[in-house]
$ cat run_3.pdb   # PDB, C-alpha atoms
ATOM      1  CA  MET N   1       1.693  24.821  87.506
ATOM      2  CA  THR N   2       1.284  26.431  90.911
ATOM      3  CA  ARG N   3       4.401  28.437  90.161
ATOM      4  CA  GLY N   4       2.745  29.605  86.937
ATOM      5  CA  TRP N   5      -0.298  30.763  88.837
ATOM      6  CA  ALA N   6       1.835  32.492  91.411
ATOM      7  CA  GLY N   7       3.715  34.238  88.628
ATOM      8  CA  ALA N   8       0.478  35.371  87.012
ATOM      9  CA  ALA N   9      -0.850  36.587  90.362
ATOM     10  CA  ALA N  10       2.352  38.510  90.990
ATOM     11  CA  ALA N  11       2.081  40.059  87.539
ATOM     12  CA  VAL N  12      -1.506  41.123  88.239
ATOM     13  CA  VAL N  13      -0.526  42.596  91.607
ATOM     14  CA  LEU N  14       2.358  44.438  89.944
ATOM     15  CA  ALA N  15       0.129  45.735  87.151
ATOM     16  CA  VAL N  16      -2.531  46.920  89.589
ATOM     17  CA  GLY N  17       0.161  48.506  91.720
ATOM     18  CA  LEU N  18       1.648  50.336  88.729
ATOM     19  CA  GLY N  19      -1.778  51.429  87.589
ATOM     20  CA  TRP N  20      -2.503  52.806  91.019
ATOM     21  CA  ALA N  21       0.853  54.578  91.085
ATOM     22  CA  ALA N  22       0.111  56.166  87.697
ATOM     23  CA  ALA N  23      -3.292  57.381  88.882
ATOM     24  CA  ALA N  24      -1.741  58.732  92.050
ATOM     25  CA  THR N  25       0.858  60.826  90.218
ATOM     26  CA  VAL N  26      -1.411  63.858  90.508
ATOM     27  CA  ASP N  27       0.562  65.922  92.927
ATOM     28  CA  GLU N  28      -1.683  67.217  95.720
ATOM     29  CA  GLN N  29       0.537  70.287  95.859
ATOM     30  CA  THR N  30      -0.346  71.047  92.222
ATOM     31  CA  VAL N  31      -4.047  70.599  93.006
ATOM     32  CA  HIS N  32      -3.605  73.001  95.919
ATOM     33  CA  ASP N  33      -1.677  75.524  93.776
ATOM     34  CA  VAL N  34      -4.445  75.645  91.180
ATOM     35  CA  ALA N  35      -7.115  75.780  93.896
ATOM     36  CA  THR N  36      -5.494  78.823  95.552
ATOM     37  CA  GLN N  37      -5.883  80.784  92.313
ATOM     38  CA  LEU N  38      -9.591  80.079  91.980
ATOM     39  CA  ARG N  39     -12.386  81.833  93.812
ATOM     40  CA  CYS N  40     -14.784  79.646  95.733
ATOM     41  CA  VAL N  41     -18.123  80.337  94.060
ATOM     42  CA  VAL N  42     -20.270  80.123  97.185
ATOM     43  CA  CYS N  43     -18.081  82.072  99.599
ATOM     44  CA  GLN N  44     -17.025  85.684  99.824
ATOM     45  CA  SER N  45     -13.338  86.167  99.014
ATOM     46  CA  LEU N  46     -12.088  82.680  99.798
ATOM     47  CA  SER N  47     -10.086  80.528  97.433
ATOM     48  CA  VAL N  48     -11.139  77.038  96.462
ATOM     49  CA  ALA N  49      -8.155  75.800  98.460
ATOM     50  CA  ASP N  50      -9.189  77.605 101.657
ATOM     51  CA  SER N  51     -12.928  77.035 101.644
ATOM     52  CA  PRO N  52     -14.339  74.140 103.656
ATOM     53  CA  SER N  53     -17.583  74.179 101.627
ATOM     54  CA  GLU N  54     -18.875  71.193  99.717
ATOM     55  CA  THR N  55     -18.776  73.173  96.463
ATOM     56  CA  ALA N  56     -15.081  73.946  96.921
ATOM     57  CA  ASN N  57     -14.469  70.310  97.763
ATOM     58  CA  GLN N  58     -16.131  69.277  94.511
ATOM     59  CA  MET N  59     -14.163  71.891  92.598
ATOM     60  CA  ARG N  60     -10.937  70.459  94.047
ATOM     61  CA  GLY N  61     -12.187  67.096  92.796
ATOM     62  CA  VAL N  62     -12.632  68.544  89.314
ATOM     63  CA  ILE N  63      -9.117  70.037  89.413
ATOM     64  CA  ARG N  64      -7.654  66.695  90.520
ATOM     65  CA  GLU N  65      -9.552  64.815  87.827
ATOM     66  CA  ARG N  66      -8.447  67.163  85.059
ATOM     67  CA  LEU N  67      -4.819  67.055  86.171
ATOM     68  CA  ALA N  68      -5.030  63.260  86.273
ATOM     69  CA  ALA N  69      -6.396  63.299  82.723
ATOM     70  CA  GLY N  70      -3.190  65.054  81.653
ATOM     71  CA  ASP N  71      -4.201  68.720  81.680
ATOM     72  CA  SER N  72      -1.565  71.237  82.696
ATOM     73  CA  PRO N  73      -2.359  73.553  85.647
ATOM     74  CA  GLU N  74      -2.714  76.355  83.074
ATOM     75  CA  GLN N  75      -5.294  74.337  81.122
ATOM     76  CA  VAL N  76      -7.271  73.612  84.292
ATOM     77  CA  ARG N  77      -7.316  77.333  85.094
ATOM     78  CA  ALA N  78      -8.436  78.086  81.529
ATOM     79  CA  TYR N  79     -11.246  75.550  81.890
ATOM     80  CA  PHE N  80     -12.632  77.335  84.950
ATOM     81  CA  VAL N  81     -12.309  80.735  83.243
ATOM     82  CA  GLU N  82     -14.189  79.346  80.237
ATOM     83  CA  LYS N  83     -17.083  78.319  82.481
ATOM     84  CA  TYR N  84     -17.179  81.163  85.010
ATOM     85  CA  GLY N  85     -15.359  84.019  83.289
ATOM     86  CA  ASP N  86     -12.422  85.981  84.727
ATOM     87  CA  TRP N  87     -14.451  86.394  87.925
ATOM     88  CA  ILE N  88     -13.269  82.949  89.028
ATOM     89  CA  LEU N  89      -9.642  84.126  89.195
ATOM     90  CA  LEU N  90      -8.622  85.664  92.505
ATOM     91  CA  SER N  91      -5.963  87.749  90.713
ATOM     92  CA  PRO N  92      -7.466  89.623  87.764
ATOM     93  CA  PRO N  93      -5.631  88.949  84.480
ATOM     94  CA  LYS N  94      -2.827  91.378  83.593
ATOM     95  CA  SER N  95      -4.407  92.257  80.269
ATOM     96  CA  GLY N  96      -7.392  94.149  78.909
ATOM     97  CA  PHE N  97      -9.498  96.232  81.273
ATOM     98  CA  THR N  98      -8.300  94.497  84.439
ATOM     99  CA  LEU N  99      -4.722  95.514  83.607
ATOM    100  CA  LEU N 100      -5.794  98.855  85.136
ATOM    101  CA  VAL N 101      -6.016  97.187  88.543
ATOM    102  CA  TRP N 102      -2.334  96.323  88.336
ATOM    103  CA  VAL N 103      -1.112  99.570  86.751
ATOM    104  CA  VAL N 104      -3.173 102.323  88.428
ATOM    105  CA  PRO N 105      -1.668 101.973  91.953
ATOM    106  CA  PHE N 106       1.869 102.409  90.601
ATOM    107  CA  VAL N 107       0.848 105.296  88.333
ATOM    108  CA  ALA N 108      -0.913 106.973  91.282
ATOM    109  CA  LEU N 109       2.170 106.438  93.454
ATOM    110  CA  GLY N 110       4.344 108.006  90.729
ATOM    111  CA  ILE N 111       2.070 111.042  90.389
ATOM    112  CA  GLY N 112       2.002 111.412  94.174
ATOM    113  CA  LEU N 113       5.800 111.346  94.411
ATOM    114  CA  VAL N 114       6.147 113.957  91.650
ATOM    115  CA  LEU N 115       3.589 116.184  93.399
ATOM    116  CA  VAL N 116       5.380 115.898  96.730
ATOM    117  CA  ALA N 117       8.702 116.691  95.058
ATOM    118  CA  VAL N 118       7.243 119.796  93.380
ATOM    119  CA  VAL N 119       5.640 121.046  96.596
ATOM    120  CA  VAL N 120       8.746 120.458  98.698
ATOM    121  CA  ARG N 121      10.919 122.295  96.177
ATOM    122  CA  ARG N 122       8.553 125.253  96.264
ATOM    123  CA  TRP N 123       8.464 125.399 100.031
ATOM    124  CA  SER N 124      12.245 125.332 100.331
ATOM    125  CA  ARG N 125      12.594 128.126  97.730
ATOM    126  CA  THR N 126       9.963 130.457  99.257
ATOM    127  CA  PRO N 127      12.159 132.280 101.905
ATOM    128  CA  GLN N 128      14.703 133.450  99.277
ATOM    129  CA  THR N 129      12.121 134.939  96.959
ATOM    130  CA  ALA N 130      10.002 136.500  99.691
ATOM    131  CA  THR N 131      10.155 140.315  99.913
ATOM    132  CA  PRO N 132      11.001 141.709 103.369
ATOM    133  CA  PRO N 133       7.953 142.965 105.260
ATOM    134  CA  HIS N 134       7.234 146.652 104.903
ATOM    135  CA  LEU N 135       8.368 148.660 107.952
ATOM    136  CA  ASP N 136       7.587 152.178 109.002
ATOM    137  CA  PRO N 137      10.874 154.218 108.712
ATOM    138  CA  ALA N 138      10.407 155.425 112.288
ATOM    139  CA  VAL N 139      10.210 151.870 113.607
ATOM    140  CA  ARG N 140      13.198 150.867 111.534
ATOM    141  CA  GLU N 141      15.216 153.757 112.980
ATOM    142  CA  ARG N 142      14.192 152.756 116.505
ATOM    143  CA  ILE N 143      15.271 149.160 116.018
ATOM    144  CA  ARG N 144      18.612 150.290 114.612
ATOM    145  CA  ARG N 145      19.183 152.547 117.630
ATOM    146  CA  GLU N 146      18.288 149.931 120.194
ATOM    147  CA  MET N 147      20.439 147.317 118.579
ATOM    148  CA  SER N 148      23.518 149.559 118.491
ATOM    149  CA  GLY N 149      22.806 150.309 122.139
ATOM    150  CA  MET N 150      22.885 146.587 122.916
ATOM    151  CA  ASP N 151      26.346 146.322 121.317
ATOM    152  CA  LYS N 152      27.772 148.965 123.626
ATOM    153  CA  SER N 153      26.581 147.475 126.913
TER     154      SER N 153
ATOM    155  CA  MET V   1       0.831 131.304  95.374
ATOM    156  CA  SER V   2       1.818 127.630  95.231
ATOM    157  CA  ALA V   3      -1.363 126.709  97.074
ATOM    158  CA  SER V   4      -3.567 128.393  94.472
ATOM    159  CA  ARG V   5      -1.697 126.711  91.643
ATOM    160  CA  LEU V   6      -2.086 123.298  93.224
ATOM    161  CA  ARG V   7      -5.749 123.806  93.993
ATOM    162  CA  TRP V   8      -6.718 121.842  90.848
ATOM    163  CA  ALA V   9      -4.898 118.825  92.251
ATOM    164  CA  ILE V  10      -7.521 118.118  94.920
ATOM    165  CA  PRO V  11     -10.510 117.744  92.574
ATOM    166  CA  ALA V  12      -8.283 115.971  90.074
ATOM    167  CA  ALA V  13      -7.537 113.360  92.715
ATOM    168  CA  VAL V  14     -10.955 113.187  94.354
ATOM    169  CA  VAL V  15     -13.324 113.281  91.372
ATOM    170  CA  PRO V  16     -12.103 110.090  89.654
ATOM    171  CA  VAL V  17     -12.326 108.190  92.945
ATOM    172  CA  LEU V  18     -15.871 109.460  93.546
ATOM    173  CA  LEU V  19     -16.885 108.519  89.994
ATOM    174  CA  LEU V  20     -15.433 105.044  90.445
ATOM    175  CA  LEU V  21     -17.303 104.595  93.744
ATOM    176  CA  ALA V  22     -20.526 105.957  92.244
ATOM    177  CA  TYR V  23     -20.223 103.373  89.479
ATOM    178  CA  GLY V  24     -19.162 100.541  91.761
ATOM    179  CA  PHE V  25     -21.892 100.958  94.341
ATOM    180  CA  ARG V  26     -24.596 100.984  91.683
ATOM    181  CA  THR V  27     -23.622  97.622  90.209
ATOM    182  CA  ASP V  28     -24.792  94.393  91.764
ATOM    183  CA  PRO V  29     -21.747  92.266  92.631
ATOM    184  CA  ARG V  30     -23.878  89.145  92.392
ATOM    185  CA  GLU V  31     -24.777  89.832  88.808
ATOM    186  CA  ILE V  32     -22.011  88.233  86.822
ATOM    187  CA  PRO V  33     -22.662  87.647  83.123
ATOM    188  CA  SER V  34     -22.254  84.009  82.160
ATOM    189  CA  PRO V  35     -19.569  83.469  79.542
ATOM    190  CA  LEU V  36     -21.572  80.490  78.306
ATOM    191  CA  LEU V  37     -24.333  82.425  76.552
ATOM    192  CA  GLY V  38     -24.389  81.677  72.834
ATOM    193  CA  ARG V  39     -21.944  78.808  73.242
ATOM    194  CA  PRO V  40     -22.712  75.098  72.819
ATOM    195  CA  ALA V  41     -24.032  73.558  76.033
ATOM    196  CA  THR V  42     -21.608  71.045  77.505
ATOM    197  CA  ALA V  43     -22.730  67.455  77.071
ATOM    198  CA  PHE V  44     -23.549  65.412  80.149
ATOM    199  CA  SER V  45     -24.856  61.968  80.870
ATOM    200  CA  LEU V  46     -26.388  61.225  84.225
ATOM    201  CA  THR V  47     -28.697  58.676  85.769
ATOM    202  CA  THR V  48     -32.046  60.001  86.948
ATOM    203  CA  PHE V  49     -33.537  59.317  90.375
ATOM    204  CA  SER V  50     -35.784  56.778  88.713
ATOM    205  CA  GLY V  51     -32.769  54.990  87.272
ATOM    206  CA  THR V  52     -32.918  55.861  83.588
ATOM    207  CA  ALA V  53     -30.039  57.273  81.579
ATOM    208  CA  LEU V  54     -30.248  60.953  80.733
ATOM    209  CA  SER V  55     -27.918  62.697  78.332
ATOM    210  CA  LEU V  56     -28.042  66.106  76.714
ATOM    211  CA  GLU V  57     -27.117  64.485  73.413
ATOM    212  CA  SER V  58     -30.385  62.534  73.399
ATOM    213  CA  LEU V  59     -32.337  65.810  73.684
ATOM    214  CA  ARG V  60     -30.842  67.417  70.582
ATOM    215  CA  GLY V  61     -33.543  69.104  68.510
ATOM    216  CA  LYS V  62     -35.562  70.039  71.571
ATOM    217  CA  VAL V  63     -35.512  73.245  73.556
ATOM    218  CA  VAL V  64     -34.124  72.273  76.966
ATOM    219  CA  VAL V  65     -34.809  73.952  80.289
ATOM    220  CA  LEU V  66     -31.972  72.869  82.550
ATOM    221  CA  ASN V  67     -32.663  73.639  86.191
ATOM    222  CA  PHE V  68     -30.086  73.259  88.972
ATOM    223  CA  TRP V  69     -31.664  72.831  92.396
ATOM    224  CA  ALA V  70     -31.216  71.472  95.900
ATOM    225  CA  SER V  71     -33.685  70.450  98.590
ATOM    226  CA  TRP V  72     -31.959  72.724 101.136
ATOM    227  CA  CYS V  73     -32.378  75.762  98.912
ATOM    228  CA  VAL V  74     -35.073  77.620 100.799
ATOM    229  CA  PRO V  75     -37.151  79.411  99.701
ATOM    230  CA  ALA V  76     -36.182  79.955  96.033
ATOM    231  CA  CYS V  77     -36.165  76.304  94.927
ATOM    232  CA  TYR V  78     -39.494  75.745  96.675
ATOM    233  CA  GLU V  79     -40.968  78.853  95.065
ATOM    234  CA  GLU V  80     -40.027  77.826  91.559
ATOM    235  CA  ALA V  81     -40.836  74.101  91.871
ATOM    236  CA  PRO V  82     -44.515  74.467  90.860
ATOM    237  CA  THR V  83     -43.459  76.716  87.949
ATOM    238  CA  LEU V  84     -41.139  74.005  86.627
ATOM    239  CA  GLU V  85     -43.851  71.369  86.726
ATOM    240  CA  ARG V  86     -46.388  73.743  85.142
ATOM    241  CA  THR V  87     -43.910  74.675  82.417
ATOM    242  CA  TRP V  88     -43.166  71.008  81.733
ATOM    243  CA  ARG V  89     -46.846  70.143  81.430
ATOM    244  CA  ALA V  90     -47.615  73.141  79.208
ATOM    245  CA  TYR V  91     -44.684  72.693  76.851
ATOM    246  CA  LYS V  92     -43.820  69.004  76.738
ATOM    247  CA  ASP V  93     -45.871  68.486  73.568
ATOM    248  CA  LYS V  94     -44.287  71.515  71.882
ATOM    249  CA  GLY V  95     -40.759  70.143  71.725
ATOM    250  CA  VAL V  96     -39.544  71.297  75.124
ATOM    251  CA  MET V  97     -37.719  69.183  77.688
ATOM    252  CA  VAL V  98     -37.428  70.203  81.311
ATOM    253  CA  VAL V  99     -34.514  68.619  83.167
ATOM    254  CA  GLY V 100     -33.707  69.019  86.841
ATOM    255  CA  ILE V 101     -30.170  68.568  88.139
ATOM    256  CA  ASN V 102     -29.889  68.112  91.863
ATOM    257  CA  ILE V 103     -26.593  69.368  93.246
ATOM    258  CA  GLN V 104     -24.895  69.117  96.630
ATOM    259  CA  ASP V 105     -27.734  67.304  98.213
ATOM    260  CA  LYS V 106     -28.594  64.194 100.201
ATOM    261  CA  GLU V 107     -30.382  61.632  98.074
ATOM    262  CA  GLU V 108     -33.252  61.038 100.506
ATOM    263  CA  ALA V 109     -33.943  64.759 100.938
ATOM    264  CA  ALA V 110     -33.881  65.239  97.168
ATOM    265  CA  ARG V 111     -36.345  62.370  96.625
ATOM    266  CA  GLU V 112     -38.629  63.838  99.283
ATOM    267  CA  PHE V 113     -38.561  67.173  97.442
ATOM    268  CA  LEU V 114     -39.519  65.510  94.155
ATOM    269  CA  ARG V 115     -42.373  63.616  95.840
ATOM    270  CA  ARG V 116     -43.638  66.743  97.513
ATOM    271  CA  PHE V 117     -43.909  68.701  94.256
ATOM    272  CA  GLU V 118     -44.905  65.655  92.165
ATOM    273  CA  HIS V 119     -42.293  66.456  89.555
ATOM    274  CA  SER V 120     -42.917  64.350  86.471
ATOM    275  CA  PHE V 121     -39.960  65.571  84.380
ATOM    276  CA  PRO V 122     -36.579  63.835  84.656
ATOM    277  CA  ASN V 123     -34.384  64.784  87.587
ATOM    278  CA  ALA V 124     -30.854  63.523  88.129
ATOM    279  CA  PRO V 125     -28.273  63.995  90.870
ATOM    280  CA  ASP V 126     -24.837  65.392  90.024
ATOM    281  CA  PRO V 127     -22.954  63.703  92.859
ATOM    282  CA  LYS V 128     -19.467  64.998  92.059
ATOM    283  CA  GLY V 129     -20.527  68.435  90.887
ATOM    284  CA  ARG V 130     -19.050  67.920  87.400
ATOM    285  CA  VAL V 131     -22.111  69.211  85.550
ATOM    286  CA  SER V 132     -22.426  72.181  87.907
ATOM    287  CA  VAL V 133     -18.881  73.312  87.118
ATOM    288  CA  ASP V 134     -19.373  72.651  83.398
ATOM    289  CA  TYR V 135     -22.273  75.092  83.493
ATOM    290  CA  GLY V 136     -20.529  77.576  85.744
ATOM    291  CA  VAL V 137     -23.177  77.253  88.424
ATOM    292  CA  TYR V 138     -22.662  79.505  91.461
ATOM    293  CA  GLY V 139     -25.588  78.481  93.538
ATOM    294  CA  VAL V 140     -29.128  77.217  93.407
ATOM    295  CA  PRO V 141     -31.459  77.739  91.759
ATOM    296  CA  GLU V 142     -30.056  78.529  88.339
ATOM    297  CA  THR V 143     -31.869  77.758  85.108
ATOM    298  CA  PHE V 144     -30.394  77.504  81.627
ATOM    299  CA  PHE V 145     -32.367  77.652  78.410
ATOM    300  CA  ILE V 146     -30.775  75.653  75.608
ATOM    301  CA  ASP V 147     -31.992  76.092  72.024
ATOM    302  CA  ARG V 148     -32.701  73.347  69.493
ATOM    303  CA  LYS V 149     -29.163  73.536  68.171
ATOM    304  CA  GLY V 150     -27.781  72.853  71.636
ATOM    305  CA  ARG V 151     -26.541  76.347  72.451
ATOM    306  CA  VAL V 152     -26.984  78.010  75.849
ATOM    307  CA  ARG V 153     -29.181  81.009  75.160
ATOM    308  CA  PHE V 154     -30.340  82.348  78.507
ATOM    309  CA  LYS V 155     -29.428  81.941  82.136
ATOM    310  CA  HIS V 156     -31.742  82.820  84.976
ATOM    311  CA  VAL V 157     -30.380  83.131  88.507
ATOM    312  CA  GLY V 158     -32.873  82.738  91.343
ATOM    313  CA  ALA V 159     -36.395  81.392  91.358
ATOM    314  CA  LEU V 160     -37.845  80.930  87.891
ATOM    315  CA  THR V 161     -41.240  82.464  87.253
ATOM    316  CA  ASP V 162     -43.940  81.438  84.795
ATOM    317  CA  ASP V 163     -43.537  84.723  82.925
ATOM    318  CA  ILE V 164     -39.827  84.276  82.357
ATOM    319  CA  ALA V 165     -40.205  80.623  81.353
ATOM    320  CA  ARG V 166     -42.975  81.476  78.899
ATOM    321  CA  ARG V 167     -41.121  84.448  77.426
ATOM    322  CA  GLU V 168     -37.924  82.476  76.829
ATOM    323  CA  LEU V 169     -39.568  79.307  75.573
ATOM    324  CA  ASP V 170     -41.917  81.094  73.179
ATOM    325  CA  ALA V 171     -38.960  83.001  71.725
ATOM    326  CA  LEU V 172     -36.812  79.881  71.335
ATOM    327  CA  LEU V 173     -39.644  77.831  69.847
ATOM    328  CA  LYS V 174     -40.230  80.493  67.192
ATOM    329  CA  GLU V 175     -36.711  80.055  65.878
ATOM    330  CA  PRO V 176     -36.366  77.739  62.900
ATOM    331  CA  SER V 177     -35.020  74.392  63.978
TER     332      SER V 177
END
$ encode --input "run_3.pdb" --output "structure tokens"
Amino acid sequence: MTRGWAGAAAAVVLAVGLGWAAAATVDEQTVHDVATQLRCVVCQSLSVADSPSETANQMRGVIRERLAAGDSPEQVRAYFVEKYGDWILLSPPKSGFTLLVWVVPFVALGIGLVLVAVVVRRWSRTPQTATPPHLDPAVRERIRREMSGMDKS
Amino acid sequence: MSASRLRWAIPAAVVPVLLLLAYGFRTDPREIPSPLLGRPATAFSLTTFSGTALSLESLRGKVVVLNFWASWCVPACYEEAPTLERTWRAYKDKGVMVVGINIQDKEEAAREFLRRFEHSFPNAPDPKGRVSVDYGVYGVPETFFIDRKGRVRFKHVGALTDDIARRELDALLKEPS
């Protein structure tokens, strides 16, 4: 009889232990990863992971709870976007209007490189196409004379 | 020669940047449109400070004024507190429910606030911030107006005034239920 009770107690302990293990399977690293992508709503330019505020703490709690309920990190992100809009994401989405934020710097860099290339090519070509400066024939004759004189000495 | 041909490049580079800055500096970065407008308000069930159950579901068919506040929110929450009570008293017999949700607060301070303003409409704490996130609340005070069909129709950020409350409620009450 006592053995029966002990067995039942062990089973309960095991069940509670397993239940606890299942609840604890939310990886804190995953919570952190999601939190780093979300903007803390009460701070300027801090992520939910980095902010020490109570709001951010509660938002981490919400992330943890949703992950524990079986949501994927992507679904948790989508939940926050649904409630706060794209503003909540620290990196603007690579689609729609905010795609510009990702594309414009590279386009501008490309245009800049092309411009520099064009300008440099022009500068290096200039001496060949330049006409010699106009000289008075008398001056030209004088230079010629003096230079032949230099050769002799 | 090359300089004159490239002269267009300077305004071409500068003008778009100036236009972007002119646009950017005129917009208020704090003014972020809520994506919730027109969408069904998320259900919640909380326990009020006086210990009774409070759920959005039980208020279906009424126009709901949902106010998020905190006792440390000075001065805006203090400014709007009399407005909320006045609105509640003026509209409670017209099918309007005013609900206060206390967020990120200490219970004793919150109770003191309610005593001070003699709030007679239900107020409930949101201890884990679940409801705040469900409504995309940034800070306090924020007030949501929910129509009879349970959709979020208007969001007011900052202290609520009598004029705004009246304008929104009169419009929502005119709609067929």
$ interface_residues --input "run_3.pdb" --of "chain N" --to "chain V" --cutoff "9 Å" --atoms "only C-alpha atoms" --output "number ranges by chain"
N: 40-42, 54-55, 58-59, 61-62, 79-85, 87, 115, 119, 122-123
$ resolve_selection --input "run_3.pdb" --expression "the PyMOL selection byres ((chain N and resi 35) around 10)" --output "ChimeraX atom specification"
/N:29-34,36-40,47-51,56-57,59-60,63-64,73,76-77,89
$ resolve_selection --input "run_3.pdb" --expression "the PyMOL selection byres ((chain V and resi 151) around 8)" --output "NGL selection string"
:V and (37-41 or 146-150 or 152-153)
$ atom_distance --input "run_3.pdb" --atom1 "atom CA of V:Asp126" --atom2 "atom CA of V:Leu46"
7.3 Å
$ resolve_selection --input "run_3.pdb" --expression "the PyMOL selection byres ((chain V and resi 124) around 10)" --output "PyMOL selection string"
chain V and resi 45-54+68+99-103+110+122-123+125-127
$ atom_distance --input "run_3.pdb" --atom1 "atom CA of V:Trp8" --atom2 "atom CA of N:Trp102"
26.0 Å
$ atom_distance --input "run_3.pdb" --atom1 "atom CA of N:Thr98" --atom2 "atom CA of V:Phe144"
28.0 Å
$ closest_residue --input "run_3.pdb" --among "V:Val140, V:Cys73, V:Thr83, V:Val63" --to "V:Glu168" --atoms "only C-alpha atoms"
V:Val63
$ axis_aligned_box --input "run_3.pdb" --around "stretch 134-139 of chain V" --padding-each-side "6 Å" --output "JSON"
{"center_x": -22.5, "center_y": 76.1, "center_z": 88.5, "size_x": 18.2, "size_y": 18.9, "size_z": 22.1}
$ residues_near_point --input "run_3.pdb" --point "(-12.0, 97.0, 87.5)" --cutoff "10 Å" --atoms "all atoms listed in the file" --output "PyMOL selection string"
(chain N and resi 92+97-102) or (chain V and resi 20+24)
$ residues_around --input "run_3.pdb" --residues "V:Ala90" --least-positions-apart "6" --cutoff "10 Å" --atoms "all atoms listed in the file" --output "MDAnalysis selection string"
chainID V and resid 84 96 166
$ closest_residue --input "run_3.pdb" --among "V:Val14, V:Arg89, V:Lys94, V:Ser71" --to "V:Arg115" --atoms "only C-alpha atoms"
V:Ser71
